[in-house]
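Peer 1: My structure is in run.cif, and what it holds is mmCIF, C-alpha atoms and all ligand atoms:
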```
data_model
#
loop_
_atom_site.label_atom_id
_atom_site.label_comp_id
_atom_site.auth_asym_id
_atom_site.auth_seq_id
_atom_site.Cartn_x
_atom_site.Cartn_y
_atom_site.Cartn_z
CA MET A 1156 -1.07 -9.60 11.67
CA ILE A 1157 -0.43 -10.94 8.15
CA ARG A 1158 1.80 -13.88 7.34
CA LEU A 1159 2.71 -15.18 3.88
CA GLU A 1160 4.25 -18.63 3.80
CA LYS A 1161 5.89 -19.81 0.57
CA VAL A 1162 3.29 -18.01 -1.52
CA SER A 1163 3.36 -18.48 -5.28
CA TYR A 1164 0.84 -17.22 -7.80
CA SER A 1165 0.46 -17.29 -11.60
CA TYR A 1166 -2.39 -15.62 -13.50
CA PRO A 1167 -4.85 -17.86 -15.38
CA ASP A 1168 -2.99 -17.20 -18.66
CA GLY A 1169 0.10 -18.71 -17.04
CA THR A 1170 2.00 -15.48 -16.31
CA PRO A 1171 4.00 -16.03 -13.12
CA ALA A 1172 3.59 -13.12 -10.70
CA LEU A 1173 4.78 -14.28 -7.26
CA GLU A 1174 7.30 -16.93 -6.40
CA ASN A 1175 7.86 -18.40 -2.96
CA ILE A 1176 7.15 -15.25 -0.95
CA ASN A 1177 7.69 -15.37 2.81
CA LEU A 1178 6.67 -12.26 4.68
CA VAL A 1179 5.42 -11.35 8.14
CA ILE A 1180 3.70 -8.02 8.71
CA LYS A 1181 3.33 -6.98 12.33
CA LYS A 1182 0.43 -4.98 13.72
CA GLY A 1183 1.14 -1.26 13.52
CA GLU A 1184 4.01 -1.58 11.04
CA PHE A 1185 4.45 0.71 8.02
CA ILE A 1186 5.88 -1.46 5.26
CA GLY A 1187 6.98 0.01 1.98
CA VAL A 1188 6.92 -2.23 -1.08
CA ILE A 1189 8.94 -1.12 -4.07
CA GLY A 1190 9.88 -2.61 -7.40
CA LYS A 1191 9.74 -1.73 -11.06
CA ASN A 1192 6.62 -2.38 -13.19
CA GLY A 1193 5.68 -6.02 -13.42
CA SER A 1194 7.72 -7.05 -10.37
CA GLY A 1195 4.63 -8.40 -8.58
CA LYS A 1196 3.69 -5.55 -6.22
CA SER A 1197 -0.01 -5.38 -7.13
CA THR A 1198 -0.35 -9.15 -7.07
CA LEU A 1199 1.18 -9.10 -3.60
CA ALA A 1200 -1.35 -6.41 -2.57
CA LEU A 1201 -4.24 -8.57 -3.82
CA GLN A 1202 -2.88 -11.55 -1.88
CA LEU A 1203 -2.51 -9.46 1.29
CA SER A 1204 -6.13 -8.36 1.09
CA GLY A 1205 -7.47 -11.84 0.40
CA LEU A 1206 -8.77 -10.86 -3.07
CA LEU A 1207 -6.49 -13.41 -4.74
CA LYS A 1208 -5.70 -16.81 -3.32
CA PRO A 1209 -2.27 -18.40 -3.60
CA GLN A 1210 -1.86 -21.50 -5.74
CA ALA A 1211 0.96 -22.64 -3.49
CA GLY A 1212 1.64 -21.69 0.10
CA ARG A 1213 -0.78 -19.75 2.27
CA VAL A 1214 -1.71 -16.25 3.39
CA MET A 1215 -2.90 -15.93 6.98
CA ILE A 1216 -4.59 -12.73 8.09
CA ARG A 1217 -4.93 -12.70 11.87
CA GLY A 1218 -4.92 -16.48 11.78
CA MET A 1219 -7.52 -16.67 8.96
CA ASP A 1220 -6.45 -18.58 5.86
CA THR A 1221 -7.46 -16.61 2.72
CA ARG A 1222 -8.10 -19.88 0.84
CA ASP A 1223 -11.10 -20.62 3.07
CA PRO A 1224 -14.14 -18.70 1.68
CA SER A 1225 -15.81 -18.68 5.11
CA ASN A 1226 -12.97 -16.41 6.32
CA LEU A 1227 -13.55 -13.74 3.68
CA PRO A 1228 -16.10 -11.59 5.63
CA GLY A 1229 -13.70 -11.48 8.60
CA ILE A 1230 -10.74 -10.67 6.36
CA ARG A 1231 -12.69 -7.86 4.67
CA LYS A 1232 -13.13 -6.15 8.06
CA LEU A 1233 -9.43 -6.44 8.87
CA ALA A 1234 -7.67 -5.55 5.63
CA GLY A 1235 -8.76 -2.93 3.12
CA ILE A 1236 -7.14 -2.17 -0.22
CA VAL A 1237 -6.97 1.15 -2.07
CA PHE A 1238 -6.04 1.12 -5.76
CA GLN A 1239 -4.33 3.49 -8.14
CA ASN A 1240 -7.48 4.48 -10.10
CA PRO A 1241 -10.01 5.78 -7.60
CA GLU A 1242 -12.82 6.05 -10.19
CA THR A 1243 -12.97 2.27 -10.42
CA GLN A 1244 -13.94 2.18 -6.73
CA PHE A 1245 -16.69 4.85 -6.66
CA VAL A 1246 -20.18 3.50 -6.13
CA GLY A 1247 -22.12 6.43 -4.63
CA ARG A 1248 -23.67 9.49 -6.28
CA THR A 1249 -22.24 11.68 -3.53
CA VAL A 1250 -19.11 11.35 -1.40
CA GLU A 1251 -21.26 10.58 1.67
CA GLU A 1252 -23.18 7.86 -0.17
CA ASP A 1253 -19.94 6.42 -1.43
CA LEU A 1254 -18.46 6.22 2.06
CA ALA A 1255 -21.62 4.63 3.48
CA PHE A 1256 -21.47 1.75 1.03
CA GLY A 1257 -18.77 -0.26 2.86
CA PRO A 1258 -20.29 -0.02 6.37
CA GLU A 1259 -23.72 -0.83 4.87
CA ASN A 1260 -22.26 -3.99 3.41
CA LEU A 1261 -20.91 -4.87 6.84
CA CYS A 1262 -24.58 -4.68 7.95
CA LEU A 1263 -23.90 -2.05 10.62
CA PRO A 1264 -26.90 -0.23 12.14
CA PRO A 1265 -27.64 3.26 10.63
CA VAL A 1266 -26.25 5.15 13.64
CA GLU A 1267 -22.95 3.26 13.33
CA ILE A 1268 -22.85 3.84 9.57
CA ARG A 1269 -23.23 7.60 10.21
CA LYS A 1270 -20.35 7.52 12.70
CA CYS A 1271 -18.10 5.60 10.28
CA VAL A 1272 -18.84 8.07 7.46
CA GLU A 1273 -18.15 11.09 9.69
CA MET A 1274 -14.91 9.55 10.95
CA ALA A 1275 -13.72 8.82 7.39
CA LEU A 1276 -14.67 12.34 6.21
CA ALA A 1277 -12.78 13.90 9.12
CA GLU A 1278 -9.65 11.74 8.73
CA THR A 1279 -9.33 12.67 5.06
CA GLY A 1280 -10.46 16.31 5.29
CA LEU A 1281 -13.36 15.71 2.92
CA GLU A 1282 -16.17 17.21 5.02
CA LYS A 1283 -16.75 20.10 2.63
CA TYR A 1284 -17.12 17.77 -0.33
CA ARG A 1285 -19.64 15.42 1.31
CA HIS A 1286 -22.49 16.36 -1.08
CA ARG A 1287 -20.36 16.43 -4.23
CA SER A 1288 -20.16 13.62 -6.76
CA PRO A 1289 -16.85 11.75 -6.26
CA LYS A 1290 -16.43 11.75 -10.04
CA ALA A 1291 -16.47 15.58 -10.10
CA LEU A 1292 -13.50 15.93 -7.73
CA SER A 1293 -9.82 16.42 -8.55
CA GLY A 1294 -7.49 13.42 -8.79
CA GLY A 1295 -6.11 14.01 -5.29
CA GLN A 1296 -9.55 14.51 -3.75
CA GLY A 1297 -10.84 11.42 -5.61
CA GLN A 1298 -7.98 9.39 -4.17
CA CYS A 1299 -8.94 10.68 -0.69
CA VAL A 1300 -12.53 9.49 -1.31
CA ALA A 1301 -11.24 6.02 -2.24
CA LEU A 1302 -9.10 5.99 0.91
CA ALA A 1303 -12.02 7.27 3.02
CA GLY A 1304 -14.28 4.57 1.55
CA ILE A 1305 -11.95 1.93 2.94
CA LEU A 1306 -11.42 3.80 6.22
CA ALA A 1307 -15.18 3.91 6.78
CA MET A 1308 -15.00 0.15 7.32
CA ASN A 1309 -12.33 0.79 9.96
CA PRO A 1310 -9.88 -1.94 8.90
CA GLU A 1311 -6.78 -2.53 11.03
CA CYS A 1312 -4.62 -2.81 7.95
CA LEU A 1313 -4.59 -0.57 4.88
CA ILE A 1314 -3.01 -1.87 1.71
CA VAL A 1315 -2.30 1.07 -0.52
CA ASP A 1316 -1.33 0.36 -4.11
CA GLU A 1317 0.40 3.20 -6.00
CA VAL A 1318 -2.17 5.76 -4.86
CA THR A 1319 0.03 8.76 -5.62
CA SER A 1320 1.37 7.69 -9.01
CA MET A 1321 -1.34 9.50 -11.03
CA LEU A 1322 -1.31 12.63 -8.85
CA ASP A 1323 0.60 15.89 -9.12
CA PRO A 1324 3.40 16.10 -6.51
CA GLU A 1325 1.44 18.36 -4.15
CA SER A 1326 -1.66 16.12 -4.09
CA GLY A 1327 0.58 13.06 -3.76
CA ILE A 1328 2.25 14.52 -0.68
CA ALA A 1329 -1.17 15.37 0.83
CA VAL A 1330 -2.43 11.78 0.34
CA LEU A 1331 0.80 10.32 1.74
CA GLU A 1332 0.51 12.61 4.79
CA ILE A 1333 -3.00 11.27 5.50
CA ILE A 1334 -1.65 7.72 5.30
CA LYS A 1335 1.24 8.56 7.64
CA LYS A 1336 -1.22 10.11 10.11
CA LEU A 1337 -3.33 6.93 10.02
CA HIS A 1338 -0.18 4.94 10.75
CA ARG A 1339 0.62 7.16 13.74
CA LYS A 1340 -2.89 6.42 15.00
CA GLY A 1341 -2.11 2.71 14.96
CA LYS A 1342 -3.11 1.40 11.52
CA THR A 1343 -0.92 -1.18 9.87
CA ILE A 1344 0.09 0.15 6.46
CA VAL A 1345 1.41 -1.67 3.41
CA TYR A 1346 2.44 1.12 1.06
CA ILE A 1347 3.20 0.11 -2.51
CA THR A 1348 5.03 2.57 -4.69
CA HIS A 1349 7.67 2.89 -7.37
CA ASN A 1350 8.94 6.07 -5.73
CA LEU A 1351 11.57 5.41 -3.08
CA GLU A 1352 11.39 9.02 -1.92
CA GLU A 1353 8.02 8.23 -0.33
CA LEU A 1354 9.45 5.58 1.97
CA HIS A 1355 11.81 7.53 4.23
CA ASP A 1356 9.49 7.06 7.23
CA ALA A 1357 8.67 3.40 6.62
CA ASP A 1358 9.53 0.91 9.36
CA ARG A 1359 10.67 -1.56 6.74
CA VAL A 1360 11.07 -1.61 2.97
CA ILE A 1361 10.88 -4.65 0.75
CA VAL A 1362 12.22 -4.62 -2.78
CA MET A 1363 10.57 -6.89 -5.34
CA GLU A 1364 11.82 -8.14 -8.67
CA LYS A 1365 10.37 -10.84 -10.92
CA GLY A 1366 7.88 -11.96 -8.27
CA LYS A 1367 10.47 -12.34 -5.53
CA ILE A 1368 11.53 -10.33 -2.51
CA ARG A 1369 15.13 -9.36 -3.30
CA LEU A 1370 15.93 -6.99 -0.43
CA GLU A 1371 14.31 -6.29 2.90
CA GLY A 1372 15.33 -3.89 5.66
CA GLU A 1373 15.07 -0.46 7.21
CA PRO A 1374 14.86 2.41 4.68
CA GLU A 1375 18.33 3.66 5.63
CA SER A 1376 20.01 0.38 4.70
CA ILE A 1377 17.87 -0.20 1.59
CA PHE A 1378 18.40 3.33 0.25
CA SER A 1379 22.16 3.04 0.47
CA ASP A 1380 22.20 -0.40 -1.14
CA ILE A 1381 23.77 0.05 -4.54
CA SER A 1382 22.23 -3.24 -5.72
CA LEU A 1383 18.89 -1.40 -5.94
CA GLN A 1384 20.03 -0.38 -9.41
CA THR A 1385 20.26 -4.01 -10.48
CA PHE A 1386 16.53 -4.30 -9.70
CA GLY A 1387 15.70 -1.43 -12.05
CA LEU A 1388 15.37 1.18 -9.30
CA SER A 1389 17.23 4.42 -8.88
CA LEU A 1390 18.54 5.60 -5.53
CA PRO A 1391 16.67 8.46 -3.84
CA SER A 1392 17.96 11.68 -5.39
CA LEU A 1393 19.68 13.01 -2.25
CA ILE A 1394 21.46 9.73 -1.69
CA GLU A 1395 22.49 9.56 -5.34
CA LEU A 1396 23.91 13.06 -5.04
CA ALA A 1397 25.81 12.15 -1.87
CA GLU A 1398 27.19 9.02 -3.55
CA ASN A 1399 28.39 11.05 -6.54
CA LEU A 1400 30.02 13.66 -4.33
CA LYS A 1401 31.67 10.92 -2.33
CA MET A 1402 32.98 9.31 -5.51
CA HIS A 1403 34.58 12.62 -6.44
CA GLY A 1404 36.09 12.98 -2.98
CA ILE A 1405 34.01 16.09 -2.31
CA ILE A 1406 32.45 15.06 0.98
CA ILE A 1407 33.44 12.76 3.78
CA PRO A 1408 31.76 9.35 3.38
CA TRP A 1409 28.41 9.51 5.14
CA GLU A 1410 28.63 6.17 6.93
CA LYS A 1411 27.71 6.60 10.57
CA THR A 1412 30.72 7.28 12.80
CA SER A 1413 30.69 6.25 16.42
CA SER A 1414 30.23 9.18 18.75
CA PRO A 1415 33.31 10.24 20.75
P1 LIG B 1501 3.54 -4.59 -10.48
O1 LIG B 1501 2.40 -4.22 -9.58
O2 LIG B 1501 4.86 -4.63 -9.76
O3 LIG B 1501 3.59 -3.76 -11.71
P2 LIG B 1501 1.98 -6.95 -11.11
O4 LIG B 1501 1.69 -7.68 -9.85
O5 LIG B 1501 0.88 -6.10 -11.67
O6 LIG B 1501 3.32 -6.12 -10.95
O7 LIG B 1501 2.37 -7.99 -12.24
C1 LIG B 1501 3.22 -9.12 -12.02
C2 LIG B 1501 3.22 -9.94 -13.30
O8 LIG B 1501 1.91 -10.46 -13.52
C3 LIG B 1501 3.59 -9.15 -14.55
O9 LIG B 1501 4.30 -9.99 -15.41
C4 LIG B 1501 2.24 -8.78 -15.14
O10 LIG B 1501 2.33 -8.61 -16.53
C5 LIG B 1501 1.41 -10.01 -14.79
N1 LIG B 1501 -0.01 -9.71 -14.60
C6 LIG B 1501 -0.56 -8.79 -13.78
N2 LIG B 1501 -1.91 -8.81 -13.86
C7 LIG B 1501 -2.23 -9.79 -14.74
C8 LIG B 1501 -3.46 -10.31 -15.25
N3 LIG B 1501 -4.63 -9.86 -14.85
N4 LIG B 1501 -3.39 -11.32 -16.16
C9 LIG B 1501 -2.19 -11.81 -16.58
N5 LIG B 1501 -0.99 -11.37 -16.13
C10 LIG B 1501 -1.00 -10.37 -15.23
#
```
Can the structure in the file be given as structure tokens, please?
Ligand code: ADP
Peer 2:
Amino acid sequence: MIRLEKVSYSYPDGTPALENINLVIKKGEFIGVIGKNGSGKSTLALQLSGLLKPQAGRVMIRGMDTRDPSNLPGIRKLAGIVFQNPETQFVGRTVEEDLAFGPENLCLPPVEIRKCVEMALAETGLEKYRHRSPKALSGGQGQCVALAGILAMNPECLIVDEVTSMLDPESGIAVLEIIKKLHRKGKTIVYITHNLEELHDADRVIVMEKGKIRLEGEPESIFSDISLQTFGLSLPSLIELAENLKMHGIIIPWEKTSSP
């Protein structure tokens, strides 16, 4: 669905952010992207959604090259991005108005716009807040509005950039659960976080450092990779505990044993 080939990007002030990234994201995959601050995760998200263009290499979204401006309307329908600060994405006076904005921009007929808004409200459990101002909602509800605003355009791929980092744990779990449900319904998800604990159910996890992909694999193998610590990340707490116990000879090493 999305393919990055030798993608490099530096910001206009010369700060390098991505270096020679190769990545293929398959339809229906849930990919977790992790790395400490400044490792290039958000820049990668912007590249995956076509909002930034690579200076070297190319990003292809369903065969459409993001460097070609004539592809941008098509890319917008396929890949939607949700950011950390929902307030920056609100455009409507009410939640309903806010959700209608995307489908309106896609020039859908009013009946279709209504359907998209209702679908997005239902998927995110926001029906009862439809007439409220998005700015008057809690952080978690606001993040759901931002997510619903993208969902209303029904993209195949959702790129989700640190959406739980400003939320209390309970709201964070609720938002993550909505995203997991959308994945089960077939959406492709790129989930960016600095919290490994959120990635247990990912199909694949990539670890970034200094604009490069340093590790890539299933969560199980990434979580038990001690080299995570060299990339400024701590192991998930349960795994860290198990490692410590193992070091002290308290439990049998947890490596899989072959069944008898
Ligand atoms: P992360 O999302 O992992 O925190 P970013 O993609 O935001 O990483 O940043 C990668 C690098 O690019 C960092 O060195 C960061 O300081 C720099 N950077 C990010 N945004 C900008 C910008 N708008 N202008 C200049 N440098 C930037």
Peer 1: Rank A:Ile1180, A:Ala1303, A:Leu1201, A:Met1156 by their smallest atom-to-atom distance to ligand LIG 1501 (chain B), using only C-alpha atoms and all ligand atoms, and report the top residue only.
Peer 2: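 Nearest candidate to ligand LIG 1501 (chain B) out of A:Ile1180, A:Ala1303, A:Leu1201, A:Met1156: A:Leu1201.
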Peer 1: Have a look at atom CA of A:Val1272 and atom CA of A:Glu1184 and let me know their distance in Å, one decimal.
Peer 2: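 Computing the Euclidean distance for atom CA of A:Val1272 and atom CA of A:Glu1184 yields 25.1 Å.
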Peer 1: Within 7 Å of (-6.3, 2.4, 2.6) (file coordinates; only C-alpha atoms), which protein or nucleic acid residues are there? I'd like them as a ChimeraX atom specification.
Peer 2: /A:1235-1237,1302,1305-1306,1313-1315
Peer 1: Show me, as an mmCIF file with C-alpha atoms, keeping the file's coordinate frame, the residues that have an atom within 8 Å of A:Ile1176 when counting only C-alpha atoms, minus same-chain residues fewer than 6 positions from it.
Peer 2:
```cif
data_model
loop_
_atom_site.group_PDB
_atom_site.id
_atom_site.type_symbol
_atom_site.label_atom_id
_atom_site.label_comp_id
_atom_site.auth_asym_id
_atom_site.auth_seq_id
_atom_site.Cartn_x
_atom_site.Cartn_y
_atom_site.Cartn_z
ATOM 1 C CA LEU A 1159 2.710 -15.180 3.880
ATOM 2 C CA GLU A 1160 4.250 -18.630 3.800
ATOM 3 C CA LYS A 1161 5.890 -19.810 0.570
ATOM 4 C CA VAL A 1162 3.290 -18.010 -1.520
ATOM 5 C CA SER A 1163 3.360 -18.480 -5.280
ATOM 6 C CA LYS A 1367 10.470 -12.340 -5.530
ATOM 7 C CA ILE A 1368 11.530 -10.330 -2.510
#
```
Peer 1: List all protein, DNA and RNA residues that have an atom no more than 9 Å from any atom of ligand LIG 1501 (chain B), counting only C-alpha atoms and all ligand atoms, and report them as a ChimeraX atom specification.
Peer 2: /A:1164-1173,1189-1201,1316-1317,1347-1349,1363-1366
Peer 1: Determine the axis-aligned bounding box of all atoms of stretch 1264-1282 of chain A present in the file, pad each side by 4 Å, and express its centre and edge lengths in Å to one decimal place as lines of an AutoDock Vina configuration file.
Peer 2:
```
center_x = -18.5
center_y = 8.5
center_z = 8.3
size_x = 26.3
size_y = 25.4
size_z = 18.7
```
Peer 1: For a quick check of understanding, using all atoms listed in the file, which of A:Val1188, A:Glu1325, A:Pro1265, A:His1403 has the smallest distance to A:Asn1350?
Peer 2: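 Of A:Val1188, A:Glu1325, A:Pro1265, A:His1403, the one nearest A:Asn1350, counting all atoms listed in the file, is A:Val1188.
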Peer 1: Quick one, how far is atom CA of A:Lys1340 from atom CA of A:Lys1182?
Peer 2: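 Distance between the two atoms: 11.9 Å.
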Peer 1: What's the 6 Å shell around stretch 1275-1289 of chain A, counting all atoms listed in the file, without same-chain residues fewer than 4 positions away, as a list in words?
Peer 2: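 So, after excluding close chain neighbours, the residues are Arg1248, Thr1249, Val1250, Glu1251, Ala1303, Leu1306 and Ala1307 of chain A.
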Peer 1: Could those selected residues go to a file with C-alpha atoms, as an mmCIF file, keeping the file's coordinate frame?
Peer 2:
```cif
data_model
loop_
_atom_site.group_PDB
_atom_site.id
_atom_site.type_symbol
_atom_site.label_atom_id
_atom_site.label_comp_id
_atom_site.auth_asym_id
_atom_site.auth_seq_id
_atom_site.Cartn_x
_atom_site.Cartn_y
_atom_site.Cartn_z
ATOM 1 C CA ARG A 1248 -23.670 9.490 -6.280
ATOM 2 C CA THR A 1249 -22.240 11.680 -3.530
ATOM 3 C CA VAL A 1250 -19.110 11.350 -1.400
ATOM 4 C CA GLU A 1251 -21.260 10.580 1.670
ATOM 5 C CA ALA A 1303 -12.020 7.270 3.020
ATOM 6 C CA LEU A 1306 -11.420 3.800 6.220
ATOM 7 C CA ALA A 1307 -15.180 3.910 6.780
#
```
Peer 1: What separation in Å, quoted to one decimal, exists between atom CA of A:Val1318 and atom CA of A:Val1345?
Peer 2: 11.7 Å
Peer 1: Got a sec: who's within 9 Å of stretch 1351-1353 of chain A, counting only C-alpha atoms, leaving out chain neighbours fewer than 2 positions off, as an MDAnalysis selection string?
Peer 2: chainID A and resid 1187 1189 1328 1331 1348:1349 1355:1357 1374 1378 1388:1392
Peer 1: For A:Met1274, which of A:Leu1370, A:Leu1254, A:Ile1394, A:Ala1291 is the closest residue, counting all atoms listed in the file?
Peer 2: A:Leu1254
Peer 1: With all atoms listed in the file as the basis for distance, which of A:Gly1205, A:Gly1212, A:Pro1264, A:Gly1304 is at the shortest distance from A:Phe1245?
Peer 2: A:Gly1304
Peer 1: Name the residues in contact with A:Ile1377 at a cut-off of 9 Å, using only C-alpha atoms, excluding same-chain residues fewer than 4 positions from it; report them as a ChimeraX atom specification.
Peer 2: /A:1359-1362,1370-1373,1381,1383
Peer 1: Name all residues at most 12 Å from A:Arg1339 (count all atoms listed in the file; drop same-chain ones fewer than 3 positions away) and give them as a list in words.
Peer 2: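 Within the cut-off, the hits are Gly1183, Glu1184, Phe1185, Glu1332, Ile1333, Ile1334, Lys1335, Lys1336, Lys1342, Thr1343, Ile1344, Asp1356, Ala1357 and Asp1358 of chain A.
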Peer 1: How would the residues just picked look written out with C-alpha atoms as an mmCIF file, in the frame of the given file?
Peer 2:
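And here's result_13.cif as it stands now:
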```cif
data_model
loop_
_atom_site.group_PDB
_atom_site.id
_atom_site.type_symbol
_atom_site.label_atom_id
_atom_site.label_comp_id
_atom_site.auth_asym_id
_atom_site.auth_seq_id
_atom_site.Cartn_x
_atom_site.Cartn_y
_atom_site.Cartn_z
ATOM 1 C CA GLY A 1183 1.140 -1.260 13.520
ATOM 2 C CA GLU A 1184 4.010 -1.580 11.040
ATOM 3 C CA PHE A 1185 4.450 0.710 8.020
ATOM 4 C CA GLU A 1332 0.510 12.610 4.790
ATOM 5 C CA ILE A 1333 -3.000 11.270 5.500
ATOM 6 C CA ILE A 1334 -1.650 7.720 5.300
ATOM 7 C CA LYS A 1335 1.240 8.560 7.640
ATOM 8 C CA LYS A 1336 -1.220 10.110 10.110
ATOM 9 C CA LYS A 1342 -3.110 1.400 11.520
ATOM 10 C CA THR A 1343 -0.920 -1.180 9.870
ATOM 11 C CA ILE A 1344 0.090 0.150 6.460
ATOM 12 C CA ASP A 1356 9.490 7.060 7.230
ATOM 13 C CA ALA A 1357 8.670 3.400 6.620
ATOM 14 C CA ASP A 1358 9.530 0.910 9.360
#
```
